[in-house]
Structures are given as structure tokens and as C-alpha cells.
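Undergrad: So I've got this file, final.csv, and it contains CSV, C-alpha atoms and all ligand atoms:
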```csv
chain,number,residue,atom,x,y,z
A,225,MET,CA,0.0,0.0,0.0
A,226,ASN,CA,1.4,3.4,-0.9
A,227,ARG,CA,0.6,6.8,0.5
A,228,ALA,CA,-1.7,7.8,-2.4
A,229,ASP,CA,-4.0,5.0,-1.3
A,230,THR,CA,-4.6,6.5,2.1
A,231,ASN,CA,-6.3,9.5,0.6
A,232,GLN,CA,-9.1,7.4,-0.9
A,233,VAL,CA,-12.2,6.5,1.0
A,234,PRO,CA,-12.0,3.0,2.4
A,235,PRO,CA,-14.1,0.8,0.3
A,236,ASN,CA,-15.9,-0.8,3.3
A,237,GLN,CA,-16.8,2.6,4.8
A,238,PRO,CA,-20.5,2.0,5.4
A,239,GLN,CA,-22.9,4.2,3.6
A,240,ARG,CA,-24.9,4.8,6.7
A,241,PHE,CA,-27.9,6.6,5.3
A,242,SER,CA,-28.5,4.6,2.1
A,243,SER,CA,-28.1,1.3,3.9
A,244,ASP,CA,-30.5,2.5,6.6
A,245,LEU,CA,-33.0,3.3,3.8
A,246,LYS,CA,-32.8,-0.3,2.7
A,247,LEU,CA,-34.2,-1.3,6.1
A,248,ILE,CA,-37.6,0.3,5.2
A,249,PRO,CA,-39.7,-2.6,4.0
A,250,ARG,CA,-42.0,-2.4,1.0
A,251,TRP,CA,-45.2,-2.8,3.0
A,252,SER,CA,-44.4,0.4,5.0
A,253,VAL,CA,-43.7,2.3,1.8
A,254,MET,CA,-47.1,1.2,0.6
A,255,LEU,CA,-48.7,2.2,3.9
A,256,ALA,CA,-46.9,5.6,3.6
A,257,VAL,CA,-48.4,6.2,0.1
A,258,ALA,CA,-51.8,5.0,1.4
A,259,ALA,CA,-51.5,7.5,4.3
A,260,LEU,CA,-50.6,10.3,1.9
A,261,VAL,CA,-53.6,9.6,-0.3
A,262,GLY,CA,-55.9,8.9,2.6
A,263,VAL,CA,-55.2,12.1,4.4
A,264,GLN,CA,-55.6,14.1,1.2
A,265,TYR,CA,-59.0,12.3,0.6
A,266,LEU,CA,-60.0,13.1,4.2
A,267,TYR,CA,-59.0,16.7,3.8
A,268,TRP,CA,-60.5,17.5,0.4
A,269,VAL,CA,-63.5,15.2,0.2
A,270,VAL,CA,-64.7,14.0,3.7
A,271,LEU,CA,-64.1,17.1,5.8
A,272,PRO,CA,-65.7,19.7,3.5
A,273,ALA,CA,-68.8,17.6,3.3
A,274,HIS,CA,-69.2,17.8,7.1
A,275,ARG,CA,-68.3,21.5,7.4
A,276,HIS,CA,-71.2,23.8,8.1
A,277,HIS,CA,-69.3,27.1,8.3
A,278,PRO,CA,-66.9,28.4,5.7
A,279,GLY,CA,-63.5,26.8,6.2
A,280,PRO,CA,-60.1,28.4,6.5
A,281,PRO,CA,-58.5,30.1,3.5
A,282,ILE,CA,-57.3,27.8,0.7
A,283,GLY,CA,-53.6,28.4,1.4
A,284,MET,CA,-54.1,27.3,5.0
A,285,ARG,CA,-55.9,24.2,3.9
A,286,VAL,CA,-53.2,23.2,1.4
A,287,TYR,CA,-50.6,23.7,4.1
A,288,PHE,CA,-52.4,21.6,6.6
A,289,ALA,CA,-53.2,18.9,4.0
A,290,ILE,CA,-49.5,18.6,3.0
A,291,THR,CA,-48.1,18.6,6.5
A,292,TRP,CA,-50.6,16.2,8.0
A,293,SER,CA,-50.3,13.7,5.2
A,294,ALA,CA,-46.4,13.9,5.2
A,295,LEU,CA,-46.5,13.3,9.0
A,296,ALA,CA,-48.8,10.3,8.5
A,297,ALA,CA,-46.5,8.9,5.8
A,298,LEU,CA,-43.4,9.5,8.0
A,299,TYR,CA,-45.1,7.5,10.8
A,300,MET,CA,-45.6,4.5,8.5
A,301,LEU,CA,-42.0,4.6,7.2
A,302,MET,CA,-40.8,5.0,10.8
A,303,ILE,CA,-42.7,1.9,12.0
A,304,GLY,CA,-41.4,-0.1,9.0
A,305,TYR,CA,-37.8,1.0,9.8
A,306,VAL,CA,-38.2,0.0,13.4
A,307,SER,CA,-39.6,-3.4,12.4
A,308,ASN,CA,-36.3,-4.2,10.6
A,309,ASP,CA,-33.9,-2.3,12.8
A,310,ALA,CA,-35.0,-3.6,16.2
A,311,PRO,CA,-34.3,-7.3,15.5
A,312,ARG,CA,-30.7,-6.8,14.5
A,313,ARG,CA,-30.2,-5.0,17.9
A,314,HIS,CA,-31.9,-7.8,19.8
A,315,MET,CA,-34.8,-5.6,20.7
A,316,SER,CA,-38.5,-6.6,20.4
A,317,ALA,CA,-39.8,-5.3,17.0
A,318,GLN,CA,-43.4,-5.8,18.1
A,319,ILE,CA,-43.1,-3.8,21.3
A,320,TRP,CA,-41.2,-0.9,19.7
A,321,MET,CA,-43.5,-0.8,16.7
A,322,LEU,CA,-46.4,-0.5,19.1
A,323,ILE,CA,-44.6,2.2,21.1
A,324,CYS,CA,-43.9,4.2,17.9
A,325,PHE,CA,-47.5,3.8,16.8
A,326,VAL,CA,-49.3,4.8,20.0
A,327,MET,CA,-47.0,7.6,21.4
A,328,PRO,CA,-48.2,10.9,20.0
A,329,ALA,CA,-46.2,13.3,17.8
A,330,GLY,CA,-43.3,10.8,17.1
A,331,VAL,CA,-42.3,10.6,20.8
A,332,GLY,CA,-42.1,6.8,20.4
A,333,ALA,CA,-39.7,7.1,17.5
A,334,VAL,CA,-37.5,9.6,19.5
A,335,LEU,CA,-37.5,7.2,22.4
A,336,TYR,CA,-36.5,4.4,20.1
A,337,PHE,CA,-33.5,6.2,18.8
A,338,LEU,CA,-32.4,7.2,22.3
A,339,LEU,CA,-32.7,3.8,23.8
A,340,ARG,CA,-31.8,1.4,20.9
A,341,GLN,CA,-28.9,-0.9,21.5
A,342,PRO,CA,-25.8,-1.2,19.3
A,343,ILE,CA,-26.1,-3.5,16.3
A,344,ILE,CA,-25.3,-7.1,17.3
A,345,SER,CA,-23.5,-9.5,14.9
A,346,GLY,CA,-21.7,-12.8,15.2
A,347,CYS,CA,-17.9,-13.3,15.7
A,348,PRO,CA,-16.6,-14.6,12.3
A,349,ALA,CA,-14.4,-17.1,14.2
A,350,CYS,CA,-16.7,-18.5,16.9
A,351,GLY,CA,-20.1,-17.0,16.4
A,352,THR,CA,-20.3,-15.2,19.8
A,353,ARG,CA,-22.6,-12.2,19.8
A,354,ILE,CA,-20.6,-9.0,19.5
A,355,GLN,CA,-21.7,-5.4,19.5
A,356,SER,CA,-20.7,-3.0,16.7
A,357,ASP,CA,-18.3,-1.1,19.0
A,358,TYR,CA,-16.2,-4.2,19.9
A,359,HIS,CA,-12.7,-4.5,18.5
A,360,PHE,CA,-12.1,-8.0,19.7
A,361,CYS,CA,-14.4,-11.0,20.3
A,362,PRO,CA,-14.8,-11.4,24.1
A,363,GLN,CA,-14.6,-15.2,23.8
A,364,CYS,CA,-11.8,-16.0,21.3
A,365,ALA,CA,-10.0,-12.6,20.9
A,366,CYS,CA,-10.6,-12.6,17.1
A,367,GLN,CA,-10.1,-9.0,15.9
A,368,VAL,CA,-13.4,-7.9,14.4
A,369,SER,CA,-12.5,-4.2,13.6
A,370,ALA,CA,-9.4,-2.3,12.9
A,371,ALA,CA,-7.8,-0.9,16.1
A,372,CYS,CA,-4.6,0.8,17.2
A,373,GLY,CA,-2.0,-1.6,18.5
A,374,ASN,CA,-0.9,0.8,21.2
A,375,CYS,CA,-4.1,2.4,22.7
A,376,TYR,CA,-6.6,-0.1,21.2
A,377,ARG,CA,-9.0,2.6,20.1
A,378,SER,CA,-10.6,2.5,16.6
A,379,ALA,CA,-8.5,3.1,13.6
A,380,ARG,CA,-9.5,3.1,9.9
A,381,PRO,CA,-7.8,0.4,7.9
A,382,THR,CA,-6.1,2.9,5.7
A,383,ASP,CA,-4.7,5.2,8.4
A,384,LEU,CA,-0.9,5.2,8.8
A,385,PHE,CA,-0.9,6.7,12.3
A,386,CYS,CA,-3.3,6.4,15.1
A,387,VAL,CA,-5.5,9.6,15.4
A,388,HIS,CA,-5.6,9.2,19.2
A,389,CYS,CA,-2.1,8.5,20.2
A,390,GLY,CA,0.0,8.9,17.1
A,391,HIS,CA,1.2,5.3,17.1
A,392,ASP,CA,2.7,4.1,13.8
A,393,LEU,CA,0.1,1.7,12.7
A,394,ALA,CA,2.3,0.2,10.0
A,395,SER,CA,4.4,-1.2,12.8
A,396,ASP,CA,1.5,-3.3,14.0
A,397,SER,CA,1.2,-6.7,12.4
A,398,MET,CA,-0.5,-6.1,9.1
A,399,PRO,CA,-3.1,-8.9,9.1
A,400,GLU,CA,-4.6,-7.5,12.4
A,401,ARG,CA,-4.7,-4.0,11.2
A,402,VAL,CA,-6.3,-4.6,7.8
A,403,ARG,CA,-8.3,-7.8,8.5
A,404,ASN,CA,-11.5,-5.8,8.7
A,405,SER,CA,-11.0,-4.2,5.3
A,406,ILE,CA,-10.4,-7.5,3.5
A,407,SER,CA,-13.4,-9.4,4.8
B,1,ZN,ZN,-15.0,-15.2,18.7
B,2,ZN,ZN,-3.5,4.7,19.4
```
Could you take the file, read its structure, and then write that structure out as C-alpha cells?
TA:
Amino acid sequence: MNRADTNQVPPNQPQRFSSDLKLIPRWSVMLAVAALVGVQYLYWVVLPAHRHHPGPPIGMRVYFAITWSALAALYMLMIGYVSNDAPRRHMSAQIWMLICFVMPAGVGAVLYFLLRQPIISGCPACGTRIQSDYHFCPQCACQVSAACGNCYRSARPTDLFCVHCGHDLASDSMPERVRNSIS
């Protein structure tokens, strides 16, 4: 590896947002679209029929129709996201979907993001459950993410020196430092 390589983005750098978007299942997208259409229908067809006095000005009505339907759609996407995100953190999807659904004004979703556990995966060597912030497996010491050989804090596989202690990472044994970038 030469120095020019270190300026490039590591290929395994997770694309957080787009990979999170993939967690939204199709059924919740459908529900979101249905919510969009449903709220518009409610606003422009059902509500005017039951109104006995002249309603608010048209601009106001458009504003409310858009914001309420967007909120309803967001709710559906949120619940879909939780249904796929909770299991990979060993949290109950059903309970958290219910909490997100019943808590008003998105409080449930905020609670979920505050309280959710780190992503759990399996050790590639022994299968022990490991959290995303672990560097080594607690059972077999297999290195599961790149770390500085001096202070043992996180390092990117392409770094030459530790950003925390300045340790020369190239002097660490190469397989340990880059194992995460190869897998
Ligand atoms: Zn292990
Ligand atoms: Zn260090």
C-alpha cells in the first residue's frame, strides 16, 4: 500500500444513510403512500362535506393537508424501519412498533433512537454475539474491527498513524490492522 491509497475513502466505509433506507420494508412504503392519499382524501372530500361554516382560506388548507399527510406517511416509514432495525439489535420489534405507533407526535420514535442498543452481529471465528463497538471478540480474541496496536482505540484500515495516540500503525502486524478491510 502506498501513501496515495490513504487519501481514498476505504471501500468498506458503510454508507450509513442509504443502507439505513434499505431497512424500510416495502409494506411500510405502501402504507406511507396510502396514508398520503388517505389524508388528502379526508381533507379535500370528507371534511368539506361535514363542514357547516366556511373553512379556513385555501392556502391554509393546502398547508395543513400537506403537513398532516407527510407526517402520517413518515409515521408509516418509521414503523417499517423499526420493524427491521430492532431485531438486529436484539430488541423486540413488536413492542417498539407499538410504542412508535401509540406515542403521539413521534415521541415513540424519538424514544426508540435514544434507547436502541448497538447492532449485534456474530464473531466470524466463533459465532459469539458481538456489539458494533467491539474491537475483539470477548470469547476468542478474534479481531473484528481495525484498532490501534498501542491504545486499542478505533482506527481506519487505511490510516498510517493512530489519530488518538500517534502510534505508527504500520508497525502493527499487518493482518490484524487490515483484516476488517479485507473481509
Ligand atoms: Zn469469537
Ligand atoms: Zn492509538
Undergrad: What separation in Å, quoted to one decimal, exists between CA of Ile303 in chain A and CA of Gly330 in chain A?
TA: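 Going from CA of Ile303 in chain A over to CA of Gly330 in chain A covers 10.3 Å.
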Undergrad: Taking 5 positions as the minimum chain separation for residues in the same chain, which residues sit within 7 Å of Ile248 in chain A when counting all atoms listed in the file? Answer as an mmCIF file with C-alpha atoms, in the coordinates of the input.
TA:
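Saved file out-v2.cif follows:
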```cif
data_model
loop_
_atom_site.group_PDB
_atom_site.id
_atom_site.type_symbol
_atom_site.label_atom_id
_atom_site.label_comp_id
_atom_site.auth_asym_id
_atom_site.auth_seq_id
_atom_site.Cartn_x
_atom_site.Cartn_y
_atom_site.Cartn_z
ATOM 1 C CA LEU A 301 -42.000 4.600 7.200
ATOM 2 C CA GLY A 304 -41.400 -0.100 9.000
ATOM 3 C CA TYR A 305 -37.800 1.000 9.800
#
```
Undergrad: Write out as a Markdown table the residues of chain A that have any atom within 7 Å of an atom of ligand ZN 2 (chain B), one row each with the nearest atom pair and its distance in Å to one decimal, counting only C-alpha atoms and all ligand atoms, sorted by chain and then rising number.
TA:
```
| residue | atom | partner | partner_atom | distance |
| --- | --- | --- | --- | --- |
| A:Cys372 | CA | B:ZN2 | ZN | 4.6 |
| A:Gly373 | CA | B:ZN2 | ZN | 6.5 |
| A:Asn374 | CA | B:ZN2 | ZN | 5.0 |
| A:Cys375 | CA | B:ZN2 | ZN | 4.1 |
| A:Tyr376 | CA | B:ZN2 | ZN | 6.0 |
| A:Arg377 | CA | B:ZN2 | ZN | 5.9 |
| A:Cys386 | CA | B:ZN2 | ZN | 4.6 |
| A:Val387 | CA | B:ZN2 | ZN | 6.6 |
| A:His388 | CA | B:ZN2 | ZN | 5.0 |
| A:Cys389 | CA | B:ZN2 | ZN | 4.1 |
| A:Gly390 | CA | B:ZN2 | ZN | 5.9 |
| A:His391 | CA | B:ZN2 | ZN | 5.3 |
```
Undergrad: Using all atoms listed in the file, which residues of chain A come within 7 Å of ligand ZN 1 (chain B), and what is the closest atom pair for each, with the distance in Å to one decimal? Give it as JSON lines, sorted by chain and residue number.
TA:
```
{"residue": "A:Cys347", "atom": "CA", "partner": "B:ZN1", "partner_atom": "ZN", "distance": 4.6}
{"residue": "A:Pro348", "atom": "CA", "partner": "B:ZN1", "partner_atom": "ZN", "distance": 6.6}
{"residue": "A:Ala349", "atom": "CA", "partner": "B:ZN1", "partner_atom": "ZN", "distance": 4.9}
{"residue": "A:Cys350", "atom": "CA", "partner": "B:ZN1", "partner_atom": "ZN", "distance": 4.1}
{"residue": "A:Gly351", "atom": "CA", "partner": "B:ZN1", "partner_atom": "ZN", "distance": 5.9}
{"residue": "A:Thr352", "atom": "CA", "partner": "B:ZN1", "partner_atom": "ZN", "distance": 5.4}
{"residue": "A:Cys361", "atom": "CA", "partner": "B:ZN1", "partner_atom": "ZN", "distance": 4.5}
{"residue": "A:Pro362", "atom": "CA", "partner": "B:ZN1", "partner_atom": "ZN", "distance": 6.6}
{"residue": "A:Gln363", "atom": "CA", "partner": "B:ZN1", "partner_atom": "ZN", "distance": 5.1}
{"residue": "A:Cys364", "atom": "CA", "partner": "B:ZN1", "partner_atom": "ZN", "distance": 4.2}
{"residue": "A:Ala365", "atom": "CA", "partner": "B:ZN1", "partner_atom": "ZN", "distance": 6.0}
{"residue": "A:Cys366", "atom": "CA", "partner": "B:ZN1", "partner_atom": "ZN", "distance": 5.4}
```
Undergrad: Leaving out range 338-342 of chain A and any residue of its chain fewer than 2 positions from it, which residues lie within 9 Å of it when counting all atoms listed in the file, given as a list of chain:residue names?
TA: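 Result of the neighbour search: A:Ala310, A:Arg312, A:Arg313, A:His314, A:Met315, A:Ala333, A:Val334, A:Leu335, A:Tyr336, A:Ile344, A:Gln355, A:Ser356, A:Asp357.
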Undergrad: CA of Val326 in chain A to CA of Ala294 in chain A: how many Å, to one decimal?
TA: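 Separating CA of Val326 in chain A from CA of Ala294 in chain A is a distance of 17.6 Å.
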Undergrad: Just how far from CA of Tyr299 in chain A is CA of Val270 in chain A, in Å to one decimal?
TA: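 Calculated distance between CA of Val270 in chain A and CA of Tyr299 in chain A is 21.8 Å.
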Undergrad: Tell me which protein, DNA and RNA residues are within 8 Å of Asn308 in chain A, counting all atoms listed in the file, leaving out same-chain ones fewer than 5 positions away, and put them as a list in words.
TA: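 Counting only the stated atoms, we get Leu247, Ile248, Pro249 and Ala317 of chain A.
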Undergrad: I'd like to know which of A:His276, A:Arg353, A:Ala379, A:Ser307 is closest to Leu393 in chain A, using all atoms listed in the file.
TA: A:Ala379
Undergrad: Could you model all heavy atoms for range 299-310 of chain A and present them as a PDB file, in the coordinates of the input?
TA:
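Output below, filename rebuild.pdb:
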```pdb
ATOM      1  N   TYR A 299     -44.758   8.492   9.727  1.00  0.00           N
ATOM      2  CA  TYR A 299     -45.100   7.500  10.800  1.00  0.00           C
ATOM      3  C   TYR A 299     -44.993   6.107  10.246  1.00  0.00           C
ATOM      4  O   TYR A 299     -44.411   5.235  10.880  1.00  0.00           O
ATOM      5  CB  TYR A 299     -46.517   7.799  11.245  1.00  0.00           C
ATOM      6  CG  TYR A 299     -46.610   8.230  12.674  1.00  0.00           C
ATOM      7  CD1 TYR A 299     -46.442   9.567  13.003  1.00  0.00           C
ATOM      8  CD2 TYR A 299     -46.868   7.318  13.671  1.00  0.00           C
ATOM      9  CE1 TYR A 299     -46.530   9.970  14.314  1.00  0.00           C
ATOM     10  CE2 TYR A 299     -46.961   7.724  14.988  1.00  0.00           C
ATOM     11  CZ  TYR A 299     -46.788   9.048  15.306  1.00  0.00           C
ATOM     12  OH  TYR A 299     -46.861   9.440  16.608  1.00  0.00           O
ATOM     13  N   MET A 300     -45.571   5.895   9.062  1.00  0.00           N
ATOM     14  CA  MET A 300     -45.600   4.500   8.500  1.00  0.00           C
ATOM     15  C   MET A 300     -44.168   4.091   8.146  1.00  0.00           C
ATOM     16  O   MET A 300     -43.788   2.949   8.404  1.00  0.00           O
ATOM     17  CB  MET A 300     -46.446   4.518   7.210  1.00  0.00           C
ATOM     18  CG  MET A 300     -47.893   4.886   7.461  1.00  0.00           C
ATOM     19  SD  MET A 300     -48.613   3.810   8.702  1.00  0.00           S
ATOM     20  CE  MET A 300     -50.039   4.730   9.226  1.00  0.00           C
ATOM     21  N   LEU A 301     -43.358   4.988   7.566  1.00  0.00           N
ATOM     22  CA  LEU A 301     -42.000   4.600   7.200  1.00  0.00           C
ATOM     23  C   LEU A 301     -41.191   4.318   8.488  1.00  0.00           C
ATOM     24  O   LEU A 301     -40.376   3.388   8.529  1.00  0.00           O
ATOM     25  CB  LEU A 301     -41.310   5.787   6.460  1.00  0.00           C
ATOM     26  CG  LEU A 301     -41.884   6.079   5.073  1.00  0.00           C
ATOM     27  CD1 LEU A 301     -41.176   7.271   4.449  1.00  0.00           C
ATOM     28  CD2 LEU A 301     -41.738   4.867   4.171  1.00  0.00           C
ATOM     29  N   MET A 302     -41.458   5.121   9.549  1.00  0.00           N
ATOM     30  CA  MET A 302     -40.800   5.000  10.800  1.00  0.00           C
ATOM     31  C   MET A 302     -41.033   3.565  11.400  1.00  0.00           C
ATOM     32  O   MET A 302     -40.111   2.866  11.833  1.00  0.00           O
ATOM     33  CB  MET A 302     -41.294   6.042  11.761  1.00  0.00           C
ATOM     34  CG  MET A 302     -40.437   6.316  12.950  1.00  0.00           C
ATOM     35  SD  MET A 302     -38.832   6.842  12.434  1.00  0.00           S
ATOM     36  CE  MET A 302     -37.902   5.523  13.155  1.00  0.00           C
ATOM     37  N   ILE A 303     -42.305   3.185  11.398  1.00  0.00           N
ATOM     38  CA  ILE A 303     -42.700   1.900  12.000  1.00  0.00           C
ATOM     39  C   ILE A 303     -42.065   0.758  11.152  1.00  0.00           C
ATOM     40  O   ILE A 303     -41.583  -0.235  11.705  1.00  0.00           O
ATOM     41  CB  ILE A 303     -44.223   1.782  12.043  1.00  0.00           C
ATOM     42  CG1 ILE A 303     -44.729   2.747  13.118  1.00  0.00           C
ATOM     43  CG2 ILE A 303     -44.655   0.361  12.341  1.00  0.00           C
ATOM     44  CD1 ILE A 303     -46.212   2.967  13.097  1.00  0.00           C
ATOM     45  N   GLY A 304     -42.030   0.932   9.824  1.00  0.00           N
ATOM     46  CA  GLY A 304     -41.400  -0.100   9.000  1.00  0.00           C
ATOM     47  C   GLY A 304     -39.901  -0.186   9.280  1.00  0.00           C
ATOM     48  O   GLY A 304     -39.357  -1.291   9.370  1.00  0.00           O
ATOM     49  N   TYR A 305     -39.261   0.962   9.476  1.00  0.00           N
ATOM     50  CA  TYR A 305     -37.800   1.000   9.800  1.00  0.00           C
ATOM     51  C   TYR A 305     -37.564   0.251  11.105  1.00  0.00           C
ATOM     52  O   TYR A 305     -36.671  -0.600  11.192  1.00  0.00           O
ATOM     53  CB  TYR A 305     -37.330   2.415   9.855  1.00  0.00           C
ATOM     54  CG  TYR A 305     -35.893   2.543  10.270  1.00  0.00           C
ATOM     55  CD1 TYR A 305     -34.873   2.365   9.346  1.00  0.00           C
ATOM     56  CD2 TYR A 305     -35.545   2.822  11.589  1.00  0.00           C
ATOM     57  CE1 TYR A 305     -33.556   2.467   9.724  1.00  0.00           C
ATOM     58  CE2 TYR A 305     -34.232   2.930  11.979  1.00  0.00           C
ATOM     59  CZ  TYR A 305     -33.233   2.756  11.047  1.00  0.00           C
ATOM     60  OH  TYR A 305     -31.933   2.846  11.422  1.00  0.00           O
ATOM     61  N   VAL A 306     -38.372   0.583  12.115  1.00  0.00           N
ATOM     62  CA  VAL A 306     -38.200   0.000  13.400  1.00  0.00           C
ATOM     63  C   VAL A 306     -38.373  -1.555  13.334  1.00  0.00           C
ATOM     64  O   VAL A 306     -37.654  -2.322  13.973  1.00  0.00           O
ATOM     65  CB  VAL A 306     -39.179   0.583  14.447  1.00  0.00           C
ATOM     66  CG1 VAL A 306     -39.234  -0.244  15.724  1.00  0.00           C
ATOM     67  CG2 VAL A 306     -38.765   2.006  14.768  1.00  0.00           C
ATOM     68  N   SER A 307     -39.326  -1.999  12.486  1.00  0.00           N
ATOM     69  CA  SER A 307     -39.600  -3.400  12.400  1.00  0.00           C
ATOM     70  C   SER A 307     -38.387  -4.204  11.888  1.00  0.00           C
ATOM     71  O   SER A 307     -38.208  -5.368  12.217  1.00  0.00           O
ATOM     72  CB  SER A 307     -40.797  -3.687  11.470  1.00  0.00           C
ATOM     73  OG  SER A 307     -40.401  -3.557  10.112  1.00  0.00           O
ATOM     74  N   ASN A 308     -37.532  -3.554  11.103  1.00  0.00           N
ATOM     75  CA  ASN A 308     -36.300  -4.200  10.600  1.00  0.00           C
ATOM     76  C   ASN A 308     -35.088  -3.905  11.412  1.00  0.00           C
ATOM     77  O   ASN A 308     -34.139  -4.687  11.436  1.00  0.00           O
ATOM     78  CB  ASN A 308     -36.082  -3.859   9.138  1.00  0.00           C
ATOM     79  CG  ASN A 308     -36.851  -4.757   8.193  1.00  0.00           C
ATOM     80  OD1 ASN A 308     -37.326  -5.811   8.595  1.00  0.00           O
ATOM     81  ND2 ASN A 308     -36.972  -4.352   6.956  1.00  0.00           N
ATOM     82  N   ASP A 309     -35.082  -2.730  12.039  1.00  0.00           N
ATOM     83  CA  ASP A 309     -33.900  -2.300  12.800  1.00  0.00           C
ATOM     84  C   ASP A 309     -33.810  -2.924  14.151  1.00  0.00           C
ATOM     85  O   ASP A 309     -32.730  -3.264  14.622  1.00  0.00           O
ATOM     86  CB  ASP A 309     -33.871  -0.766  12.873  1.00  0.00           C
ATOM     87  CG  ASP A 309     -32.575  -0.250  13.471  1.00  0.00           C
ATOM     88  OD1 ASP A 309     -31.509  -0.561  12.894  1.00  0.00           O
ATOM     89  OD2 ASP A 309     -32.611   0.432  14.505  1.00  0.00           O
ATOM     90  N   ALA A 310     -34.972  -3.079  14.804  1.00  0.00           N
ATOM     91  CA  ALA A 310     -35.000  -3.600  16.200  1.00  0.00           C
ATOM     92  C   ALA A 310     -34.425  -5.026  16.268  1.00  0.00           C
ATOM     93  O   ALA A 310     -33.613  -5.302  17.160  1.00  0.00           O
ATOM     94  CB  ALA A 310     -36.396  -3.525  16.766  1.00  0.00           C
TER      95      ALA A 310
END
```
